[in-house]
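Engineer: Structure provided below as structure tokens; questions to follow.
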Amino acid sequence: MSLGGVAEKALELDAEKVIIISKWRGDSGKIELFRISEKGLDAVLPLIYVKDVKLRRDFEENIPRERRLKSVAITASKIPSLEVKRLENVLSEFFNIPVFSLKEICDREYDAAAQILTDQSNRIIVTFKLVPEFVEVGPQIGVSHLVWELTR
């Protein structure tokens, strides 16, 4: 479907936002966030280029069968890089979910915490953990790089 077709369908469904996940060689390649306007799709930066993904089913042994995940908050990074902090803010605003400390997330009884962190090689990882156990339940998205400016 073209971007125009996506915009038309979103307007038809009264959607305010759209996420497009593009594939590259059979795997996720890019995540694009858009707001819907009368003129079509307005890009919300950054473009998120994906290195690798582990799906929720890859973490099934960590998820209690009777447990449903209904609410999520973003765990504020303790020592965030500027890029991680910017990504936390964009995702919080786009998905309308708060950024709290882990203690606040537990106190407010959220079911899961989205965590944005960097690994040993400074690569950004977005992952989801069950609260209050704080075990990873997926998905886990390894970010190749973020694009904060579009050149035309």
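We label chains A, B, ... in the order they appear in the structure tokens, count residues from 1 in each chain, and number ligands from 1 in the order shown.
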Can you list, as an MDAnalysis selection string, all residues belonging to chain A that DSSP tags as alpha helix (DSSP H)?
Structural biologist: chainID A and resid 3:12 82:95 102:107
Engineer: List the spatial neighbours of range 114-131 of chain A as a count of residues only - criterion: any atom at most 10 Å away, only C-alpha atoms, same-chain residues fewer than 3 positions off excluded.
Structural biologist: 48
Engineer: Take CA of Pro46 in chain A and CA of Thr151 in chain A and report the distance between them in Å, one decimal.
Structural biologist: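 A separation of 12.6 Å between them.
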